[in-house]
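Asker: What follows is a single structure, and I will ask about it in a moment.
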Amino acid sequence: MGIGNIANIGQSNIGGLLGPSGNIGNVANIGQSNLAAILTYLYGNGQNYYSYGKGYNNYDNNNNYYNNKNNYNNNKYNYNDNNNYNNNYYNNNNNYNKYNNYGEDRNIERPCQVFDTYCIRKYFAENSKCKESQGPVPDPMYRAQSTSFLPRVNLTMTSHDALYSGLNGRIEEFYINKETDKLVLAIEFRNLTFYSKDTYFRFHRRGREPIVNVDYLYVNYKSVVSTIVIPNRKDLQLQKSETVSYVNEVPIFSIGKNAFDHPDSTVQLTKIQIVTDISTDAQEMELTESAFYASTFIQYSICDFGLKVL
């Protein structure tokens with residue numbers, strides 16, 4: 001399969017950056033509206049980083065962003081096992097009952113309300129070999145390595161010692177499809193951030209070896225919804241699941257200047273291409289990031305399947 005086909009898979013699976021109206025054109029315009037400011041960063045003032053999307057402060061010295069990996073213990077107060085997090089969003093049963101109005105597919109079964117984390121944990125534990133977990137997800141969450149492919153611009157980004165923040169999501173959908181024998185779970189992650197001070201940017205060139213530069217990468221998503229589908233509802237196995245993510249707004253990108261420090265035309269063209277279509281770059285990143293978001297949330301906050309997500 002050629003790299004062009006990979007890009008097609010990404011667009012069909014991720015579904016695009018859709019806002020509430022489903023109008024991708026409007027979302028694309030968000031990125032375009034910032035183009036003038038972005039070009040100023042690239043060419044006008046000699047700053048030591050490139051920031052794409054909405055404006056953001058200088059993250060060149062990102063060692064101070066996460067000062068250690070033990071902030072997990074300091075953030076536990078943000079997570080309430082009695083479901084106050086979800087109950088504040090769903091303050092009554094009306095949001096649940098709207099799914100049970102006329103016309104709902106008779107094959108859809110809702111064994112738990114979406115804000116009843118206790119019930120969802122029990123369902124997973126009773127229909128799989130996992131062990132109930134109480135949360136929260138560590139914040140920041142450490143990952144030894146993360147690789148993202150951006151086939152549109154022929155770029156591969158391999159990040160070492162990556163740190164994630166914002167993986168304590170909110171369940172917004174949970175049901176069983178009796179006809180397909182599948183479980184569906186959707187989680188929204190708000191203010192989701194990714195940072196690695198050592199990201200290897202590999203610029204692929206036709207008929208030549210890639211150019212490799214190293215610098216930091218920072219990404220902030222205001223809202224991402226990950227949908228995970230697990231087959232065989234009576235014997236749930238997380239390793240057989242499929243996950244896709246929808247990015248609700250154009251994210252913020254901040255990339256160290258050394259990433260593009262090379263005179264080759266391929267590198268300079270890639271820099272411009274990233275600026276002009278941030279939306280597609282965000283889609284392509286989710287091809288490899290989606291499964292990590294959802295599986296990390298499930299194993300820390302719902303049920304631990306004993307899997308290590310690479």
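Following the order of the structure tokens, chains are lettered A, B, ..., residues in each are numbered from 1, and ligands are numbered from 1.
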Determine, counting only C-alpha atoms, which protein, DNA and RNA residues have an atom within 8 Å of an atom of Asn258 of chain A; residues of the same chain fewer than 5 positions away are not included. Present the result as an MDAnalysis selection string.
Answerer: chainID A and resid 213:215
Asker: Find the spatial neighbours of Gly169 of chain A, counting only C-alpha atoms, within a cut-off of 7 Å - ignore same-chain residues fewer than 4 positions away - and output them as a ChimeraX atom specification.
Answerer: /A:187-189
Asker: Only all heavy atoms, please: the residues just picked out, written as a PDB file, in the first residue's frame.
Answerer:
```
ATOM      1  N   ILE A 187     -15.396   8.839  24.466  1.00  0.00           N
ATOM      2  CA  ILE A 187     -14.847   9.647  25.556  1.00  0.00           C
ATOM      3  C   ILE A 187     -14.393  10.987  25.004  1.00  0.00           C
ATOM      4  O   ILE A 187     -13.698  11.034  23.978  1.00  0.00           O
ATOM      5  CB  ILE A 187     -13.641   8.948  26.230  1.00  0.00           C
ATOM      6  CG1 ILE A 187     -13.957   7.489  26.551  1.00  0.00           C
ATOM      7  CG2 ILE A 187     -13.198   9.698  27.469  1.00  0.00           C
ATOM      8  CD1 ILE A 187     -13.050   6.509  25.862  1.00  0.00           C
ATOM      9  N   GLU A 188     -14.781  12.054  25.677  1.00  0.00           N
ATOM     10  CA  GLU A 188     -14.271  13.371  25.287  1.00  0.00           C
ATOM     11  C   GLU A 188     -13.108  13.758  26.193  1.00  0.00           C
ATOM     12  O   GLU A 188     -13.195  13.662  27.421  1.00  0.00           O
ATOM     13  CB  GLU A 188     -15.347  14.449  25.382  1.00  0.00           C
ATOM     14  CG  GLU A 188     -14.809  15.810  24.920  1.00  0.00           C
ATOM     15  CD  GLU A 188     -15.761  16.962  25.158  1.00  0.00           C
ATOM     16  OE1 GLU A 188     -16.640  16.843  26.039  1.00  0.00           O
ATOM     17  OE2 GLU A 188     -15.618  17.980  24.462  1.00  0.00           O
ATOM     18  N   PHE A 189     -12.023  14.208  25.572  1.00  0.00           N
ATOM     19  CA  PHE A 189     -10.859  14.722  26.286  1.00  0.00           C
ATOM     20  C   PHE A 189     -10.761  16.215  25.999  1.00  0.00           C
ATOM     21  O   PHE A 189     -10.679  16.633  24.850  1.00  0.00           O
ATOM     22  CB  PHE A 189      -9.585  14.011  25.828  1.00  0.00           C
ATOM     23  CG  PHE A 189      -9.615  12.526  25.997  1.00  0.00           C
ATOM     24  CD1 PHE A 189      -9.932  11.700  24.924  1.00  0.00           C
ATOM     25  CD2 PHE A 189      -9.337  11.941  27.227  1.00  0.00           C
ATOM     26  CE1 PHE A 189      -9.968  10.323  25.075  1.00  0.00           C
ATOM     27  CE2 PHE A 189      -9.378  10.567  27.385  1.00  0.00           C
ATOM     28  CZ  PHE A 189      -9.689   9.749  26.314  1.00  0.00           C
TER      29      PHE A 189
END
```
Asker: Would you please give, as a ChimeraX atom specification, all residues of segment 145-208 of chain A that DSSP assigns to strand (DSSP E or B) based on the backbone?
Answerer: /A:145-150,155-165,170-177,182-205,208
Asker: Mind dumping a table of every segment 82-200 of chain A residue within 10 Å of segment 230-234 of chain A, with the nearest atom pair and its distance in Å to one decimal, using only C-alpha atoms, sorted by chain and rising number, as JSON lines?
Answerer:
```
{"residue": "A:Tyr123", "atom": "CA", "partner": "A:Lys234", "partner_atom": "CA", "distance": 9.7}
{"residue": "A:Phe124", "atom": "CA", "partner": "A:Arg233", "partner_atom": "CA", "distance": 9.1}
{"residue": "A:Glu126", "atom": "CA", "partner": "A:Lys234", "partner_atom": "CA", "distance": 8.4}
{"residue": "A:Asn127", "atom": "CA", "partner": "A:Lys234", "partner_atom": "CA", "distance": 4.9}
{"residue": "A:Ser128", "atom": "CA", "partner": "A:Lys234", "partner_atom": "CA", "distance": 7.0}
{"residue": "A:Ile176", "atom": "CA", "partner": "A:Arg233", "partner_atom": "CA", "distance": 7.3}
{"residue": "A:Asn177", "atom": "CA", "partner": "A:Arg233", "partner_atom": "CA", "distance": 8.5}
{"residue": "A:Lys178", "atom": "CA", "partner": "A:Arg233", "partner_atom": "CA", "distance": 8.3}
{"residue": "A:Thr180", "atom": "CA", "partner": "A:Pro231", "partner_atom": "CA", "distance": 8.1}
{"residue": "A:Asp181", "atom": "CA", "partner": "A:Asn232", "partner_atom": "CA", "distance": 5.3}
{"residue": "A:Lys182", "atom": "CA", "partner": "A:Pro231", "partner_atom": "CA", "distance": 4.4}
{"residue": "A:Leu183", "atom": "CA", "partner": "A:Ile230", "partner_atom": "CA", "distance": 5.1}
{"residue": "A:Val184", "atom": "CA", "partner": "A:Ile230", "partner_atom": "CA", "distance": 6.6}
{"residue": "A:Leu185", "atom": "CA", "partner": "A:Ile230", "partner_atom": "CA", "distance": 8.5}
```
Asker: Please produce a file of those selected residues containing C-alpha atoms, as a CSV table (one decimal), in the first residue's frame.
Answerer:
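Final output, saved to result_37.csv:
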```csv
chain,number,residue,atom,x,y,z
A,123,TYR,CA,-20.3,-4.2,33.0
A,124,PHE,CA,-16.7,-4.4,31.7
A,126,GLU,CA,-18.5,-9.0,34.2
A,127,ASN,CA,-18.1,-9.4,30.5
A,128,SER,CA,-14.3,-9.6,30.2
A,176,ILE,CA,-24.3,-2.3,23.1
A,177,ASN,CA,-25.3,-3.2,19.6
A,178,LYS,CA,-27.0,-6.6,19.9
A,180,THR,CA,-23.4,-6.6,15.6
A,181,ASP,CA,-22.4,-7.9,19.0
A,182,LYS,CA,-20.2,-4.9,19.7
A,183,LEU,CA,-19.7,-2.4,22.6
A,184,VAL,CA,-19.3,1.3,21.7
A,185,LEU,CA,-17.7,3.8,24.1
```
